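Novice: File coords06.cif below, mmCIF, C-alpha atoms:
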data_data
#
loop_
_atom_site.group_PDB
_atom_site.id
_atom_site.type_symbol
_atom_site.label_atom_id
_atom_site.label_comp_id
_atom_site.auth_asym_id
_atom_site.auth_seq_id
_atom_site.Cartn_x
_atom_site.Cartn_y
_atom_site.Cartn_z
ATOM 1 C CA MET O 1 0.000 0.000 0.000
ATOM 2 C CA LYS O 2 2.821 2.415 0.846
ATOM 3 C CA ARG O 3 4.452 1.683 -2.493
ATOM 4 C CA ARG O 4 1.277 2.591 -4.359
ATOM 5 C CA THR O 5 0.923 5.835 -2.372
ATOM 6 C CA LEU O 6 4.560 6.765 -2.964
ATOM 7 C CA ALA O 7 4.192 6.006 -6.668
ATOM 8 C CA SER O 8 1.057 8.165 -6.816
ATOM 9 C CA LEU O 9 2.845 11.041 -5.108
ATOM 10 C CA LEU O 10 5.832 10.776 -7.431
ATOM 11 C CA LEU O 11 3.570 10.687 -10.470
ATOM 12 C CA ALA O 12 1.652 13.722 -9.230
ATOM 13 C CA ALA O 13 4.878 15.624 -8.497
ATOM 14 C CA ALA O 14 6.223 14.801 -11.952
ATOM 15 C CA SER O 15 3.083 16.208 -13.583
ATOM 16 C CA LEU O 16 3.339 19.602 -11.808
ATOM 17 C CA PRO O 17 5.787 21.145 -14.315
ATOM 18 C CA ALA O 18 3.583 19.958 -17.187
ATOM 19 C CA MET O 19 0.528 21.491 -15.486
ATOM 20 C CA ALA O 20 2.405 24.778 -14.977
ATOM 21 C CA ASP O 21 3.382 24.737 -18.661
ATOM 22 C CA ASP O 22 -0.249 24.091 -19.628
ATOM 23 C CA MET O 23 -1.438 26.949 -17.394
ATOM 24 C CA ALA O 24 1.074 29.340 -18.958
ATOM 25 C CA LYS O 25 -0.026 28.245 -22.434
ATOM 26 C CA TYR O 26 -3.731 28.607 -21.574
ATOM 27 C CA GLN O 27 -3.132 32.038 -20.093
ATOM 28 C CA GLU O 28 -1.210 33.233 -23.149
ATOM 29 C CA GLU O 29 -3.945 31.919 -25.465
ATOM 30 C CA SER O 30 -6.619 33.592 -23.322
ATOM 31 C CA ARG O 31 -4.741 36.890 -23.332
ATOM 32 C CA LYS O 32 -4.576 36.710 -27.117
ATOM 33 C CA VAL O 33 -8.340 36.114 -27.424
ATOM 34 C CA ALA O 34 -9.100 38.955 -24.988
ATOM 35 C CA LYS O 35 -6.714 41.277 -26.853
ATOM 36 C CA GLU O 36 -8.392 40.443 -30.191
ATOM 37 C CA PHE O 37 -11.800 41.109 -28.607
ATOM 38 C CA VAL O 38 -10.604 44.494 -27.275
ATOM 39 C CA SER O 39 -9.074 45.395 -30.629
ATOM 40 C CA GLN O 40 -12.175 44.522 -32.657
ATOM 41 C CA LEU O 41 -14.625 46.133 -30.259
ATOM 42 C CA GLY O 42 -12.457 49.207 -29.733
ATOM 43 C CA GLY O 43 -12.097 49.740 -33.470
ATOM 44 C CA GLU O 44 -15.835 49.538 -34.019
ATOM 45 C CA LEU O 45 -16.562 51.833 -31.070
ATOM 46 C CA GLN O 46 -14.074 54.460 -32.281
ATOM 47 C CA LYS O 47 -15.499 54.350 -35.796
ATOM 48 C CA GLU O 48 -19.069 54.819 -34.566
ATOM 49 C CA MET O 49 -18.131 57.496 -32.024
ATOM 50 C CA LYS O 50 -16.570 59.533 -34.854
ATOM 51 C CA ALA O 51 -19.493 58.920 -37.198
ATOM 52 C CA GLY O 52 -22.450 59.292 -34.861
ATOM 53 C CA GLY O 53 -21.295 59.949 -31.307
ATOM 54 C CA PRO O 54 -22.190 57.982 -28.184
ATOM 55 C CA VAL O 55 -25.683 57.022 -29.378
ATOM 56 C CA ALA O 56 -24.127 55.201 -32.345
ATOM 57 C CA ALA O 57 -21.593 53.572 -30.007
ATOM 58 C CA ILE O 58 -24.433 52.151 -27.907
ATOM 59 C CA LYS O 59 -25.514 50.151 -30.953
ATOM 60 C CA VAL O 60 -21.987 48.703 -31.254
ATOM 61 C CA CYS O 61 -22.095 47.414 -27.687
ATOM 62 C CA ARG O 62 -25.633 46.118 -28.193
ATOM 63 C CA ASN O 63 -25.120 44.430 -31.583
ATOM 64 C CA VAL O 64 -21.435 44.052 -32.416
ATOM 65 C CA ALA O 65 -19.938 43.035 -29.047
ATOM 66 C CA PRO O 66 -22.144 39.929 -28.687
ATOM 67 C CA THR O 67 -21.264 38.938 -32.257
ATOM 68 C CA ILE O 68 -17.540 39.273 -31.541
ATOM 69 C CA ALA O 69 -17.938 37.142 -28.399
ATOM 70 C CA SER O 70 -19.969 34.540 -30.268
ATOM 71 C CA GLU O 71 -17.435 34.315 -33.110
ATOM 72 C CA ALA O 72 -14.532 33.980 -30.634
ATOM 73 C CA SER O 73 -16.444 31.262 -28.765
ATOM 74 C CA ARG O 74 -17.126 29.291 -31.954
ATOM 75 C CA LYS O 75 -13.589 29.730 -33.268
ATOM 76 C CA ASN O 76 -11.935 28.495 -30.058
ATOM 77 C CA GLY O 77 -14.536 26.122 -28.621
ATOM 78 C CA TRP O 78 -14.599 28.132 -25.401
ATOM 79 C CA LYS O 79 -17.173 30.419 -23.806
ATOM 80 C CA VAL O 80 -16.013 34.002 -24.435
ATOM 81 C CA ALA O 81 -18.032 36.918 -23.052
ATOM 82 C CA ARG O 82 -18.052 40.215 -21.186
ATOM 83 C CA VAL O 83 -19.523 40.387 -17.690
ATOM 84 C CA SER O 84 -20.009 43.062 -15.043
ATOM 85 C CA LEU O 85 -21.308 43.441 -11.514
ATOM 86 C CA LYS O 86 -23.399 46.342 -12.844
ATOM 87 C CA THR O 87 -24.952 44.846 -15.940
ATOM 88 C CA ARG O 88 -26.394 46.778 -18.821
ATOM 89 C CA ASN O 89 -28.040 43.795 -20.528
ATOM 90 C CA PRO O 90 -28.805 40.974 -18.063
ATOM 91 C CA LEU O 91 -29.545 38.598 -20.962
ATOM 92 C CA LEU O 92 -25.957 38.783 -22.226
ATOM 93 C CA GLY O 93 -23.717 39.574 -19.295
ATOM 94 C CA MET O 94 -24.722 38.184 -15.917
ATOM 95 C CA PRO O 95 -21.641 36.870 -14.111
ATOM 96 C CA ASP O 96 -21.717 33.435 -12.516
ATOM 97 C CA ALA O 97 -20.521 32.967 -8.905
ATOM 98 C CA TRP O 98 -16.864 32.509 -9.917
ATOM 99 C CA GLU O 99 -16.955 35.626 -12.102
ATOM 100 C CA GLN O 100 -18.651 37.652 -9.355
ATOM 101 C CA LYS O 101 -15.844 36.739 -6.948
ATOM 102 C CA VAL O 102 -13.144 37.762 -9.447
ATOM 103 C CA LEU O 103 -14.942 41.007 -10.352
ATOM 104 C CA ALA O 104 -15.262 41.906 -6.665
ATOM 105 C CA ASP O 105 -11.522 41.263 -6.260
ATOM 106 C CA PHE O 106 -10.777 43.469 -9.291
ATOM 107 C CA ASP O 107 -12.905 46.253 -7.751
ATOM 108 C CA GLN O 108 -10.957 46.060 -4.475
ATOM 109 C CA ARG O 109 -7.628 46.159 -6.306
ATOM 110 C CA ALA O 110 -8.595 49.016 -8.683
ATOM 111 C CA GLY O 111 -7.390 51.848 -6.447
ATOM 112 C CA LYS O 112 -4.074 50.134 -5.744
ATOM 113 C CA GLU O 113 -3.099 48.588 -9.093
ATOM 114 C CA ASN O 114 -3.200 49.468 -12.751
ATOM 115 C CA PRO O 115 -6.671 48.241 -13.782
ATOM 116 C CA ALA O 116 -5.528 47.675 -17.388
ATOM 117 C CA ALA O 117 -3.107 44.987 -16.154
ATOM 118 C CA MET O 118 -5.575 43.093 -13.948
ATOM 119 C CA GLU O 119 -6.268 39.500 -14.840
ATOM 120 C CA PHE O 120 -6.964 36.261 -13.013
ATOM 121 C CA ALA O 121 -6.869 32.613 -14.059
ATOM 122 C CA GLU O 122 -7.289 29.224 -12.434
ATOM 123 C CA VAL O 123 -8.465 25.688 -13.085
ATOM 124 C CA VAL O 124 -11.798 24.951 -11.437
ATOM 125 C CA THR O 125 -13.860 21.815 -11.058
ATOM 126 C CA GLU O 126 -17.576 22.324 -11.540
ATOM 127 C CA PRO O 127 -20.463 19.848 -11.764
ATOM 128 C CA GLN O 128 -20.086 19.869 -15.588
ATOM 129 C CA GLY O 129 -16.355 19.085 -15.425
ATOM 130 C CA LYS O 130 -12.960 20.747 -15.184
ATOM 131 C CA PHE O 131 -12.384 24.169 -16.742
ATOM 132 C CA TYR O 132 -9.652 26.714 -17.207
ATOM 133 C CA ARG O 133 -11.170 30.076 -16.226
ATOM 134 C CA TYR O 134 -9.683 33.447 -17.170
ATOM 135 C CA MET O 135 -10.765 37.045 -16.672
ATOM 136 C CA LYS O 136 -9.220 40.305 -17.907
ATOM 137 C CA ALA O 137 -10.471 43.553 -16.356
ATOM 138 C CA ILE O 138 -12.100 46.253 -18.473
ATOM 139 C CA PRO O 139 -11.064 49.590 -16.970
ATOM 140 C CA VAL O 140 -13.206 52.694 -17.400
ATOM 141 C CA GLN O 141 -11.548 55.257 -19.658
ATOM 142 C CA GLU O 142 -12.575 58.850 -20.278
ATOM 143 C CA VAL O 143 -14.433 57.950 -23.506
ATOM 144 C CA CYS O 144 -16.524 55.352 -21.596
ATOM 145 C CA LEU O 145 -18.098 58.034 -19.422
ATOM 146 C CA ALA O 146 -20.349 59.246 -22.246
ATOM 147 C CA CYS O 147 -22.467 56.108 -21.722
ATOM 148 C CA HIS O 148 -21.236 54.710 -18.385
ATOM 149 C CA GLY O 149 -20.567 57.852 -16.327
ATOM 150 C CA ALA O 150 -22.823 59.716 -13.912
ATOM 151 C CA GLU O 151 -26.336 60.054 -15.305
ATOM 152 C CA ASP O 152 -26.458 63.781 -14.552
ATOM 153 C CA THR O 153 -23.507 64.341 -16.908
ATOM 154 C CA MET O 154 -24.831 62.237 -19.802
ATOM 155 C CA ALA O 155 -26.323 63.832 -22.885
ATOM 156 C CA LYS O 156 -30.129 63.652 -23.054
ATOM 157 C CA GLU O 157 -30.077 61.573 -26.270
ATOM 158 C CA VAL O 158 -27.687 59.053 -24.652
ATOM 159 C CA LYS O 159 -29.974 58.665 -21.638
ATOM 160 C CA GLU O 160 -32.961 58.186 -23.957
ATOM 161 C CA ALA O 161 -31.140 55.601 -26.092
ATOM 162 C CA LEU O 162 -29.998 53.681 -23.014
ATOM 163 C CA ALA O 163 -33.519 53.737 -21.530
ATOM 164 C CA ALA O 164 -34.964 52.442 -24.818
ATOM 165 C CA ASP O 165 -32.360 49.704 -25.393
ATOM 166 C CA TYR O 166 -31.648 48.723 -21.787
ATOM 167 C CA PRO O 167 -34.643 49.177 -19.482
ATOM 168 C CA HIS O 168 -32.819 47.370 -16.625
ATOM 169 C CA ASP O 169 -29.485 49.187 -17.055
ATOM 170 C CA LYS O 170 -27.244 49.329 -13.994
ATOM 171 C CA ALA O 171 -24.002 50.150 -15.861
ATOM 172 C CA THR O 172 -23.759 53.855 -15.063
ATOM 173 C CA GLY O 173 -22.133 55.942 -12.357
ATOM 174 C CA TYR O 174 -18.562 54.907 -13.152
ATOM 175 C CA ALA O 175 -15.432 57.070 -12.891
ATOM 176 C CA VAL O 176 -12.179 56.793 -14.821
ATOM 177 C CA GLY O 177 -9.970 54.014 -13.428
ATOM 178 C CA GLN O 178 -12.777 51.910 -12.006
ATOM 179 C CA ILE O 179 -13.463 48.412 -13.297
ATOM 180 C CA ARG O 180 -16.393 48.390 -15.734
ATOM 181 C CA GLY O 181 -16.384 44.604 -15.995
ATOM 182 C CA ALA O 182 -14.199 41.922 -17.522
ATOM 183 C CA PHE O 183 -13.643 39.710 -20.502
ATOM 184 C CA THR O 184 -14.236 36.168 -19.369
ATOM 185 C CA ILE O 185 -13.130 32.887 -20.883
ATOM 186 C CA LYS O 186 -14.215 29.418 -19.835
ATOM 187 C CA ARG O 187 -12.279 26.632 -21.491
ATOM 188 C CA PRO O 188 -13.175 22.958 -20.968
ATOM 189 C CA LEU O 189 -10.265 20.699 -20.050
#
Could you express the structure from this file as structure tokens?
Specialist:
Amino acid sequence: MKRRTLASLLLAAASLPAMADDMAKYQEESRKVAKEFVSQLGGELQKEMKAGGPVAAIKVCRNVAPTIASEASRKNGWKVARVSLKTRNPLLGMPDAWEQKVLADFDQRAGKENPAAMEFAEVVTEPQGKFYRYMKAIPVQEVCLACHGAEDTMAKEVKEALAADYPHDKATGYAVGQIRGAFTIKRPL
């Protein structure tokens, strides 16, 4: 019996470097997917902000962002999304318990760390199986305030567009440097 236990321990110890290598690989792949998401979404938002202002940008977040997430999910075989503790569209971005915990941690760290560099990853076991989970914070920038800032500073047409498109909107009241939400990736192992 001791021999079997010792052999199991040795086997487990030998697999630790491989697991660390896998984690590094998964994290790098997740960073790449999140970066592509940011690049695509940011490009579309900038284009629409120049063409039609914040009201046009609202349509990008409503229509284009879910499409980008869906395409990234299909391409990689993972669940790729954006989530927030203050959701704008509960049908597309409600965080699960794990995501809520990470978002709360990001919020606590926001005043002490660079929010643009915040990320978190781990392997979790859930009832459906084992998953690699990754989140990358979305920091609030000056341009975000047009639609996510204090309601008393928003343009009337922005408030009207948000009320029409998002009747249950909670994604306002942010300041620059806070965490708006996060890109989230759930990869089956």
Novice: Find the spatial neighbours of stretch 184-188 of chain O, counting only C-alpha atoms, within a cut-off of 8 Å - ignore same-chain residues fewer than 4 positions away - and output them as JSON, numbers by chain.
Specialist: {"O": [30, 77, 78, 79, 80, 81, 82, 83, 99, 129, 130, 131, 132, 133, 134, 135, 136]}
Novice: Counting only C-alpha atoms, which of O:Cys61, O:Lys159, O:His148, O:Ile179 gets nearest to O:Pro115?
Specialist: O:Ile179
Novice: What is the distance between atom CA of O:Ala121 and atom CA of O:Cys147, in Å to one decimal?
Specialist: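 Between these atoms lies a distance of 29.2 Å.
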Novice: Evaluate the PyMOL selection byres ((chain O and resi 69) around 9) on the structure here and hand back the selected residues as a PDB file with C-alpha atoms, keeping the file's coordinate frame.
Specialist:
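The result, written out as result.pdb:
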ATOM      1  CA  PHE O  37     -11.800  41.109 -28.607  1.00  0.00           C
ATOM      2  CA  VAL O  64     -21.435  44.052 -32.416  1.00  0.00           C
ATOM      3  CA  ALA O  65     -19.938  43.035 -29.047  1.00  0.00           C
ATOM      4  CA  PRO O  66     -22.144  39.929 -28.687  1.00  0.00           C
ATOM      5  CA  THR O  67     -21.264  38.938 -32.257  1.00  0.00           C
ATOM      6  CA  ILE O  68     -17.540  39.273 -31.541  1.00  0.00           C
ATOM      7  CA  SER O  70     -19.969  34.540 -30.268  1.00  0.00           C
ATOM      8  CA  GLU O  71     -17.435  34.315 -33.110  1.00  0.00           C
ATOM      9  CA  ALA O  72     -14.532  33.980 -30.634  1.00  0.00           C
ATOM     10  CA  SER O  73     -16.444  31.262 -28.765  1.00  0.00           C
ATOM     11  CA  ARG O  74     -17.126  29.291 -31.954  1.00  0.00           C
ATOM     12  CA  LYS O  79     -17.173  30.419 -23.806  1.00  0.00           C
ATOM     13  CA  VAL O  80     -16.013  34.002 -24.435  1.00  0.00           C
ATOM     14  CA  ALA O  81     -18.032  36.918 -23.052  1.00  0.00           C
ATOM     15  CA  ARG O  82     -18.052  40.215 -21.186  1.00  0.00           C
TER      16      ARG O  82
END
Novice: What does the distance between atom CA of O:Glu119 and atom CA of O:Leu103 come to in Å, to one decimal place?
Specialist: 9.9 Å
Novice: Separation of atom CA of O:Thr125 and atom CA of O:Asn89, in Å?
Specialist: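 These two atoms are separated by 27.8 Å.
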Novice: Using all atoms listed in the file, which of the listed residues (O:Asp21, O:Asp107, O:Asp169, O:Glu122) sits closest to O:Glu151?
Specialist: O:Asp169
